[in-house]
Every structure is written in structure tokens, then in C-alpha cells.
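Enquirer: Dropping in model-v1.csv, which is CSV, N, CA and C atoms and all ligand atoms:
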```csv
chain,number,residue,atom,x,y,z
B,1,MET,N,127.3,107.6,175.3
B,1,MET,CA,126.4,108.7,175.0
B,1,MET,C,125.0,108.2,174.7
B,2,ALA,N,124.0,108.8,175.2
B,2,ALA,CA,122.6,108.3,175.0
B,2,ALA,C,122.2,108.7,173.6
B,3,ILE,N,121.6,107.7,172.9
B,3,ILE,CA,121.1,107.9,171.6
B,3,ILE,C,119.5,107.8,171.6
B,4,LYS,N,118.9,108.8,170.9
B,4,LYS,CA,117.5,108.7,170.7
B,4,LYS,C,117.2,108.5,169.2
B,5,PHE,N,116.4,107.5,168.9
B,5,PHE,CA,116.0,107.2,167.5
B,5,PHE,C,114.7,108.0,167.2
B,6,ILE,N,114.9,108.8,166.1
B,6,ILE,CA,113.8,109.6,165.6
B,6,ILE,C,113.2,109.0,164.4
B,7,LYS,N,111.9,108.9,164.3
B,7,LYS,CA,111.3,108.3,163.0
B,7,LYS,C,111.4,109.4,162.0
B,8,VAL,N,112.0,109.1,160.8
B,8,VAL,CA,112.2,110.1,159.8
B,8,VAL,C,111.2,109.7,158.6
B,9,TYR,N,110.9,108.5,158.5
B,9,TYR,CA,109.9,108.1,157.5
B,9,TYR,C,108.9,107.1,158.2
B,10,ASP,N,107.6,107.4,158.0
B,10,ASP,CA,106.6,106.5,158.5
B,10,ASP,C,105.9,105.9,157.3
B,11,TYR,N,106.1,104.6,157.2
B,11,TYR,CA,105.6,103.9,156.0
B,11,TYR,C,104.1,104.1,155.8
B,12,ALA,N,103.3,104.3,156.9
B,12,ALA,CA,101.9,104.5,156.8
B,12,ALA,C,101.6,105.9,156.2
B,13,LEU,N,102.5,106.8,156.4
B,13,LEU,CA,102.3,108.2,155.9
B,13,LEU,C,103.0,108.4,154.5
B,14,HIS,N,104.2,107.9,154.4
B,14,HIS,CA,105.0,108.2,153.2
B,14,HIS,C,105.1,107.1,152.2
B,15,GLY,N,104.4,105.9,152.5
B,15,GLY,CA,104.4,104.8,151.5
B,15,GLY,C,105.6,103.9,151.8
B,16,SER,N,105.6,102.8,151.1
B,16,SER,CA,106.6,101.8,151.4
B,16,SER,C,108.0,102.1,150.8
B,17,GLU,N,108.0,103.1,149.8
B,17,GLU,CA,109.3,103.5,149.3
B,17,GLU,C,109.3,105.1,149.4
B,18,PRO,N,109.6,105.6,150.6
B,18,PRO,CA,109.5,107.0,150.8
B,18,PRO,C,110.6,107.9,150.1
B,19,GLN,N,111.6,107.2,149.7
B,19,GLN,CA,112.7,107.9,149.1
B,19,GLN,C,113.3,107.0,148.0
B,20,ALA,N,113.4,107.5,146.8
B,20,ALA,CA,113.8,106.7,145.7
B,20,ALA,C,115.2,106.1,146.0
B,21,ASN,N,115.4,104.9,145.4
B,21,ASN,CA,116.7,104.3,145.6
B,21,ASN,C,117.8,105.1,144.9
B,22,ASN,N,119.0,105.1,145.6
B,22,ASN,CA,120.2,105.8,145.1
B,22,ASN,C,120.0,107.3,145.0
B,23,THR,N,119.4,107.9,146.0
B,23,THR,CA,119.2,109.3,146.1
B,23,THR,C,119.6,109.8,147.5
B,24,LEU,N,119.9,111.1,147.6
B,24,LEU,CA,120.2,111.7,148.9
B,24,LEU,C,119.1,112.8,149.2
B,25,ARG,N,119.0,113.1,150.4
B,25,ARG,CA,118.0,114.1,150.8
B,25,ARG,C,118.5,114.7,152.1
B,26,THR,N,118.3,116.0,152.3
B,26,THR,CA,118.6,116.7,153.6
B,26,THR,C,117.3,116.7,154.4
B,27,ILE,N,117.5,116.2,155.6
B,27,ILE,CA,116.3,116.3,156.6
B,27,ILE,C,116.8,117.0,157.8
B,28,ASP,N,115.8,117.5,158.5
B,28,ASP,CA,116.1,118.3,159.7
B,28,ASP,C,115.6,117.5,160.9
B,29,ILE,N,116.5,117.1,161.8
B,29,ILE,CA,116.0,116.4,163.0
B,29,ILE,C,116.3,117.3,164.2
B,30,GLU,N,115.2,117.9,164.7
B,30,GLU,CA,115.3,118.8,165.9
B,30,GLU,C,116.4,119.8,165.8
B,31,GLY,N,116.5,120.4,164.6
B,31,GLY,CA,117.5,121.5,164.4
B,31,GLY,C,118.8,121.0,163.9
B,32,LYS,N,119.0,119.7,163.7
B,32,LYS,CA,120.2,119.2,163.2
B,32,LYS,C,120.0,118.7,161.7
B,33,ARG,N,120.8,119.2,160.8
B,33,ARG,CA,120.7,118.8,159.4
B,33,ARG,C,121.4,117.5,159.1
B,34,ILE,N,120.7,116.6,158.6
B,34,ILE,CA,121.3,115.2,158.3
B,34,ILE,C,121.1,114.9,156.8
B,35,CYS,N,122.1,114.3,156.3
B,35,CYS,CA,122.0,113.8,154.9
B,35,CYS,C,121.5,112.3,155.0
B,36,LEU,N,120.3,112.1,154.5
B,36,LEU,CA,119.7,110.8,154.5
B,36,LEU,C,119.9,110.2,153.1
B,37,ALA,N,120.7,109.1,153.0
B,37,ALA,CA,121.0,108.4,151.8
B,37,ALA,C,120.3,107.1,151.7
B,38,HIS,N,119.7,106.9,150.5
B,38,HIS,CA,119.1,105.6,150.3
B,38,HIS,C,119.9,105.0,149.1
B,39,ILE,N,120.7,104.0,149.5
B,39,ILE,CA,121.7,103.5,148.5
B,39,ILE,C,121.6,102.0,148.5
B,40,ASN,N,121.3,101.4,147.3
B,40,ASN,CA,121.2,100.0,147.2
B,40,ASN,C,120.1,99.4,148.2
B,41,GLN,N,119.0,100.2,148.2
B,41,GLN,CA,117.9,99.8,149.1
B,41,GLN,C,118.1,99.8,150.6
B,42,LYS,N,119.2,100.5,151.0
B,42,LYS,CA,119.4,100.6,152.4
B,42,LYS,C,119.6,102.1,152.8
B,43,PHE,N,119.2,102.5,154.0
B,43,PHE,CA,119.3,103.9,154.4
B,43,PHE,C,120.6,104.1,155.2
B,44,TYR,N,121.2,105.3,155.0
B,44,TYR,CA,122.3,105.7,155.8
B,44,TYR,C,122.1,107.2,156.1
B,45,ALA,N,122.7,107.5,157.3
B,45,ALA,CA,122.5,108.9,157.7
B,45,ALA,C,123.9,109.5,158.1
B,46,THR,N,124.2,110.7,157.6
B,46,THR,CA,125.5,111.3,157.8
B,46,THR,C,125.3,112.8,158.1
B,47,ASP,N,126.4,113.5,158.5
B,47,ASP,CA,126.3,114.9,158.5
B,47,ASP,C,125.9,115.4,157.1
B,48,ASP,N,125.2,116.6,157.1
B,48,ASP,CA,124.8,117.1,155.8
B,48,ASP,C,125.8,118.1,155.3
B,49,LYS,N,126.7,118.6,156.1
B,49,LYS,CA,127.6,119.7,155.7
B,49,LYS,C,128.9,119.1,155.2
B,50,CYS,N,129.3,119.4,154.0
B,50,CYS,CA,130.5,118.9,153.4
B,50,CYS,C,131.7,119.5,154.1
B,51,PRO,N,132.7,118.8,154.6
B,51,PRO,CA,133.8,119.4,155.3
B,51,PRO,C,134.8,120.2,154.4
B,52,HIS,N,134.6,120.0,153.1
B,52,HIS,CA,135.5,120.8,152.2
B,52,HIS,C,135.2,122.3,152.3
B,53,ALA,N,134.0,122.6,151.9
B,53,ALA,CA,133.6,124.0,151.9
B,53,ALA,C,132.1,124.3,152.3
B,54,GLY,N,131.6,123.3,152.9
B,54,GLY,CA,130.3,123.5,153.6
B,54,GLY,C,129.0,123.3,152.7
B,55,ALA,N,129.2,122.7,151.6
B,55,ALA,CA,128.0,122.4,150.7
B,55,ALA,C,127.1,121.4,151.4
B,56,ARG,N,125.8,121.4,151.0
B,56,ARG,CA,124.8,120.6,151.5
B,56,ARG,C,124.9,119.2,150.8
B,57,LEU,N,125.3,118.2,151.5
B,57,LEU,CA,125.5,116.9,150.8
B,57,LEU,C,124.2,116.3,150.3
B,58,GLY,N,123.1,116.6,151.0
B,58,GLY,CA,121.8,116.1,150.6
B,58,GLY,C,121.3,116.6,149.2
B,59,ALA,N,122.0,117.6,148.7
B,59,ALA,CA,121.7,118.1,147.4
B,59,ALA,C,122.6,117.4,146.3
B,60,GLY,N,123.5,116.5,146.8
B,60,GLY,CA,124.4,115.8,145.9
B,60,GLY,C,123.7,114.6,145.3
B,61,PHE,N,124.6,113.6,145.1
B,61,PHE,CA,124.1,112.3,144.4
B,61,PHE,C,124.9,111.2,144.9
B,62,CYS,N,124.5,110.0,144.5
B,62,CYS,CA,125.2,108.7,144.8
B,62,CYS,C,125.9,108.3,143.5
B,63,ASP,N,127.1,107.9,143.6
B,63,ASP,CA,127.8,107.3,142.4
B,63,ASP,C,127.5,105.8,142.3
B,64,GLU,N,128.1,105.2,141.2
B,64,GLU,CA,127.8,103.8,141.0
B,64,GLU,C,128.4,102.9,142.0
B,65,ALA,N,129.4,103.4,142.8
B,65,ALA,CA,130.1,102.7,143.8
B,65,ALA,C,129.3,102.8,145.2
B,66,GLY,N,128.3,103.6,145.2
B,66,GLY,CA,127.5,103.8,146.4
B,66,GLY,C,128.1,104.8,147.3
B,67,MET,N,128.9,105.7,146.8
B,67,MET,CA,129.5,106.8,147.6
B,67,MET,C,128.5,108.0,147.5
B,68,ILE,N,128.6,108.8,148.6
B,68,ILE,CA,127.9,110.1,148.6
B,68,ILE,C,128.8,111.1,147.9
B,69,VAL,N,128.3,111.8,146.9
B,69,VAL,CA,129.1,112.8,146.1
B,69,VAL,C,128.6,114.2,146.4
B,70,CYS,N,129.5,115.0,146.9
B,70,CYS,CA,129.1,116.4,147.1
B,70,CYS,C,128.8,117.1,145.8
B,71,PRO,N,127.7,118.0,145.8
B,71,PRO,CA,127.3,118.6,144.5
B,71,PRO,C,128.2,119.7,144.1
B,72,VAL,N,129.1,120.2,144.9
B,72,VAL,CA,129.9,121.4,144.5
B,72,VAL,C,131.2,121.0,143.9
B,73,HIS,N,132.1,120.3,144.6
B,73,HIS,CA,133.4,120.0,144.0
B,73,HIS,C,133.6,118.4,143.9
B,74,ARG,N,132.5,117.7,144.1
B,74,ARG,CA,132.5,116.3,143.8
B,74,ARG,C,133.3,115.4,144.7
B,75,TYR,N,133.7,115.9,145.9
B,75,TYR,CA,134.3,115.0,146.9
B,75,TYR,C,133.4,113.9,147.2
B,76,LYS,N,133.9,112.7,147.5
B,76,LYS,CA,133.1,111.6,147.8
B,76,LYS,C,133.3,111.1,149.2
B,77,TYR,N,132.2,110.6,149.8
B,77,TYR,CA,132.3,110.1,151.2
B,77,TYR,C,131.6,108.7,151.3
B,78,ASN,N,132.2,107.8,152.0
B,78,ASN,CA,131.6,106.5,152.3
B,78,ASN,C,130.4,106.7,153.2
B,79,PRO,N,129.2,106.3,152.9
B,79,PRO,CA,128.0,106.5,153.8
B,79,PRO,C,128.1,105.6,155.0
B,80,ILE,N,128.9,104.6,155.0
B,80,ILE,CA,129.0,103.7,156.2
B,80,ILE,C,130.0,104.2,157.2
B,81,THR,N,131.2,104.5,156.7
B,81,THR,CA,132.3,104.9,157.6
B,81,THR,C,132.4,106.5,157.7
B,82,GLY,N,131.9,107.2,156.7
B,82,GLY,CA,132.0,108.6,156.7
B,82,GLY,C,133.4,109.1,156.1
B,83,LYS,N,134.2,108.1,155.8
B,83,LYS,CA,135.6,108.5,155.3
B,83,LYS,C,135.5,109.1,153.9
B,84,GLY,N,136.3,110.1,153.7
B,84,GLY,CA,136.5,110.7,152.3
B,84,GLY,C,137.2,109.7,151.4
B,85,ALA,N,136.9,109.7,150.1
B,85,ALA,CA,137.5,108.8,149.2
B,85,ALA,C,138.9,109.1,148.8
B,86,ASN,N,139.2,110.4,148.6
B,86,ASN,CA,140.5,110.8,148.1
B,86,ASN,C,141.2,111.8,149.0
B,87,GLN,N,140.5,112.4,149.9
B,87,GLN,CA,141.1,113.4,150.7
B,87,GLN,C,141.5,112.9,152.1
B,88,GLN,N,142.8,112.9,152.3
B,88,GLN,CA,143.3,112.5,153.6
B,88,GLN,C,142.7,113.3,154.7
B,89,GLY,N,142.1,112.6,155.7
B,89,GLY,CA,141.6,113.3,156.9
B,89,GLY,C,140.2,113.9,156.7
B,90,ASP,N,139.6,113.9,155.5
B,90,ASP,CA,138.3,114.3,155.4
B,90,ASP,C,137.3,113.2,155.8
B,91,PHE,N,136.4,113.6,156.6
B,91,PHE,CA,135.3,112.6,156.9
B,91,PHE,C,134.1,113.3,157.4
B,92,ILE,N,133.0,112.6,157.3
B,92,ILE,CA,131.7,113.1,157.8
B,92,ILE,C,131.2,112.2,158.9
B,93,ALA,N,130.5,112.7,159.9
B,93,ALA,CA,130.0,111.9,160.9
B,93,ALA,C,128.9,111.1,160.4
B,94,THR,N,128.7,109.8,160.9
B,94,THR,CA,127.6,109.0,160.5
B,94,THR,C,126.7,108.7,161.7
B,95,TYR,N,125.5,108.4,161.4
B,95,TYR,CA,124.5,108.2,162.5
B,95,TYR,C,123.9,106.8,162.3
B,96,PRO,N,123.5,106.1,163.4
B,96,PRO,CA,122.9,104.8,163.2
B,96,PRO,C,121.5,104.9,162.6
B,97,VAL,N,121.1,104.0,161.8
B,97,VAL,CA,119.8,104.0,161.2
B,97,VAL,C,119.2,102.6,161.5
B,98,GLN,N,117.9,102.7,161.8
B,98,GLN,CA,117.1,101.4,162.0
B,98,GLN,C,115.9,101.4,161.1
B,99,GLU,N,115.9,100.4,160.3
B,99,GLU,CA,114.7,100.2,159.4
B,99,GLU,C,113.8,99.2,160.0
B,100,LYS,N,112.7,99.6,160.5
B,100,LYS,CA,111.7,98.8,161.2
B,100,LYS,C,110.5,98.5,160.3
B,101,GLN,N,109.6,97.8,160.8
B,101,GLN,CA,108.4,97.4,160.0
B,101,GLN,C,107.5,98.7,159.7
B,102,ASP,N,107.6,99.7,160.6
B,102,ASP,CA,106.7,100.8,160.5
B,102,ASP,C,107.4,102.1,159.9
B,103,GLY,N,108.7,102.0,159.7
B,103,GLY,CA,109.4,103.2,159.2
B,103,GLY,C,110.9,103.1,159.4
B,104,VAL,N,111.5,104.3,159.1
B,104,VAL,CA,113.0,104.4,159.2
B,104,VAL,C,113.3,105.4,160.3
B,105,TYR,N,114.3,105.0,161.1
B,105,TYR,CA,114.6,105.8,162.3
B,105,TYR,C,116.1,106.2,162.2
B,106,VAL,N,116.5,107.4,162.7
B,106,VAL,CA,117.9,107.8,162.7
B,106,VAL,C,118.2,108.1,164.2
B,107,GLY,N,119.3,107.6,164.6
B,107,GLY,CA,119.8,107.8,166.0
B,107,GLY,C,120.6,109.1,166.2
B,108,ILE,N,120.2,110.0,167.1
B,108,ILE,CA,120.9,111.2,167.3
B,108,ILE,C,121.3,111.3,168.8
B,109,GLU,N,122.5,111.8,169.0
B,109,GLU,CA,123.1,111.9,170.4
B,109,GLU,C,122.2,112.8,171.2
B,110,LYS,N,122.2,112.5,172.5
B,110,LYS,CA,121.4,113.2,173.5
B,110,LYS,C,121.5,114.7,173.4
B,111,LYS,N,122.7,115.3,173.2
B,111,LYS,CA,122.9,116.7,173.2
B,111,LYS,C,122.0,117.4,172.2
B,112,TRP,N,121.5,116.7,171.2
B,112,TRP,CA,120.6,117.4,170.2
B,112,TRP,C,119.2,117.4,170.5
B,113,TRP,N,118.8,116.6,171.6
B,113,TRP,CA,117.4,116.5,171.8
B,113,TRP,C,117.0,116.7,173.3
B,114,GLN,N,118.0,117.0,174.2
B,114,GLN,CA,117.6,117.0,175.6
B,114,GLN,C,117.0,118.4,176.0
B,115,PHE,N,117.2,119.4,175.2
B,115,PHE,CA,116.7,120.7,175.7
B,115,PHE,C,115.5,121.1,174.8
B,201,LIG,S1,132.0,121.8,149.2
B,201,LIG,FE1,131.9,119.7,149.0
B,201,LIG,S2,133.6,119.1,147.8
B,201,LIG,FE2,133.8,121.2,148.0
```
I'd like the structure from this file rewritten - as C-alpha cells, please.
Ligand code: FES
Expert:
Amino acid sequence: MAIKFIKVYDYALHGSEPQANNTLRTIDIEGKRICLAHINQKFYATDDKCPHAGARLGAGFCDEAGMIVCPVHRYKYNPITGKGANQQGDFIATYPVQEKQDGVYVGIEKKWWQF
């Protein structure tokens, strides 16, 4: 499937640290809500919707182990694999991230940007 990388942070516009370390944020990429995590100085992108009951993961937080923690019932998700920590079968989709000299890019499948 074709992937298009969308620039979500431009260092020239947003500064060299556009999102504080160990924080989550919800961003909108062409109508798709993404949870953008900055954990241990590295960016990760996942679905923003918690599979448990639909909370916005970008409103959550990172724990000391580097997991994404849902703000509502505290389910945890691995930002690299998307796998839930304790709940069998729970997972969130993950998206490729590229950190380049000029900014941070998130890769989205073609179906989200072709029309
Ligand atoms: S809505 Fe996320 S853990 Fe319940």
C-alpha cells in the first residue's frame, strides 16, 4: 500500500523541540486523527482512538516505561508495536515516522489522502 509522508512539525516554524518530551498530542492529518507521542526524545504515531471505549489517546500520558496510557481507564499501549499491555487482543495501529533535518513526518496510507 502506498504511503505518503505528511510533515506534522516544521522545525523552522515550530522550533527545534515542537513537542515536550514524554507527552502525547492528538493531531489531524487530512481528516484522520493520530496520536503523536514524543517519548524518550523519539516520535511515534498511533491511532488516536482507544479500542477499549473510544477515548482520545492524545489526551493521555506516557508512563515511566514509555507506554501510551489512555486517560480514561488507563489501558496502556506500546507506541512501537501498538500492542496493549494487559488486555489480550487490544492493539492500536501504528504509523511510520521520519525525523528529518527540517521536521517530523508521519506516513499515512493512500486511502486517507487520495481523494
Ligand atoms: S477508553 Fe481507553 S482504557 Fe477505556
Enquirer: For ligand LIG 201 (chain B), collect every residue having any atom at a distance of at most 5 Å from a ligand atom (counting only N, CA and C atoms and all ligand atoms); output as a PDB file with N, CA and C atoms, keeping the file's coordinate frame.
Expert:
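That gives us part.pdb:
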```pdb
ATOM      1  N   CYS B  50     129.300 119.400 154.000  1.00  0.00           N
ATOM      2  CA  CYS B  50     130.500 118.900 153.400  1.00  0.00           C
ATOM      3  C   CYS B  50     131.700 119.500 154.100  1.00  0.00           C
ATOM      4  N   HIS B  52     134.600 120.000 153.100  1.00  0.00           N
ATOM      5  CA  HIS B  52     135.500 120.800 152.200  1.00  0.00           C
ATOM      6  C   HIS B  52     135.200 122.300 152.300  1.00  0.00           C
ATOM      7  N   ALA B  53     134.000 122.600 151.900  1.00  0.00           N
ATOM      8  CA  ALA B  53     133.600 124.000 151.900  1.00  0.00           C
ATOM      9  C   ALA B  53     132.100 124.300 152.300  1.00  0.00           C
ATOM     10  N   GLY B  54     131.600 123.300 152.900  1.00  0.00           N
ATOM     11  CA  GLY B  54     130.300 123.500 153.600  1.00  0.00           C
ATOM     12  C   GLY B  54     129.000 123.300 152.700  1.00  0.00           C
ATOM     13  N   ALA B  55     129.200 122.700 151.600  1.00  0.00           N
ATOM     14  CA  ALA B  55     128.000 122.400 150.700  1.00  0.00           C
ATOM     15  C   ALA B  55     127.100 121.400 151.400  1.00  0.00           C
ATOM     16  N   CYS B  70     129.500 115.000 146.900  1.00  0.00           N
ATOM     17  CA  CYS B  70     129.100 116.400 147.100  1.00  0.00           C
ATOM     18  C   CYS B  70     128.800 117.100 145.800  1.00  0.00           C
ATOM     19  N   VAL B  72     129.100 120.200 144.900  1.00  0.00           N
ATOM     20  CA  VAL B  72     129.900 121.400 144.500  1.00  0.00           C
ATOM     21  C   VAL B  72     131.200 121.000 143.900  1.00  0.00           C
ATOM     22  N   HIS B  73     132.100 120.300 144.600  1.00  0.00           N
ATOM     23  CA  HIS B  73     133.400 120.000 144.000  1.00  0.00           C
ATOM     24  C   HIS B  73     133.600 118.400 143.900  1.00  0.00           C
ATOM     25  N   ARG B  74     132.500 117.700 144.100  1.00  0.00           N
ATOM     26  CA  ARG B  74     132.500 116.300 143.800  1.00  0.00           C
ATOM     27  C   ARG B  74     133.300 115.400 144.700  1.00  0.00           C
ATOM     28  N   TYR B  75     133.700 115.900 145.900  1.00  0.00           N
ATOM     29  CA  TYR B  75     134.300 115.000 146.900  1.00  0.00           C
ATOM     30  C   TYR B  75     133.400 113.900 147.200  1.00  0.00           C
TER      31      TYR B  75
END
```
Enquirer: Nearest to Tyr95 of chain B: which of B:Ile6, B:Ala45, B:Ala65, B:Ala59 is it, counting only N, CA and C atoms?
Expert: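 Smallest separation from Tyr95 of chain B among the options: B:Ala45.
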Enquirer: Please provide as a PyMOL selection string all residues within 5 Å of segment 18-29 of chain B, with the sequence filter that same-chain residues fewer than 5 positions apart are discarded (counting all atoms listed in the file).
Expert: chain B and resi 34-40+58
Enquirer: Could you tell me, as a PyMOL selection string, which residues of chain B DSSP assigns to strand (DSSP E) when given the backbone?
Expert: chain B and resi 3-10+23-29+32-39+42-47+61-62+68-69+76-77+94-95+97-99+103-109
Enquirer: Tell me which protein, DNA and RNA residues are within 12 Å of Lys111 of chain B, counting only C-alpha atoms, leaving out same-chain ones fewer than 3 positions away, and put them as JSON, numbers by chain.
Expert: {"B": [1, 2, 3, 4, 30, 31, 32, 107, 108, 114, 115]}
Enquirer: Quick one: of B:Glu17, B:Pro51, B:Tyr105, B:Val8, who's nearest to Ile92 of chain B, counting all atoms listed in the file?
Expert: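 So, comparing all the options, the nearest one is B:Pro51.
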Enquirer: Please report the interatomic distance between atom CA of Ala85 of chain B and atom CA of Asp48 of chain B in Å with one decimal.
Expert: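 Between atom CA of Ala85 of chain B and atom CA of Asp48 of chain B the gap is 16.5 Å.
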Enquirer: Counting all atoms listed in the file, which residue out of B:Phe61, B:Phe5, B:Phe91, B:Tyr11 sits closest to Asn78 of chain B?
Expert: B:Phe91
Enquirer: When you count all atoms listed in the file, which of these residues is closest to Ala93 of chain B: B:Glu109, B:Asp10, B:Asp47, B:Glu64?
Expert: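 Closest to Ala93 of chain B of all the choices is B:Asp47.
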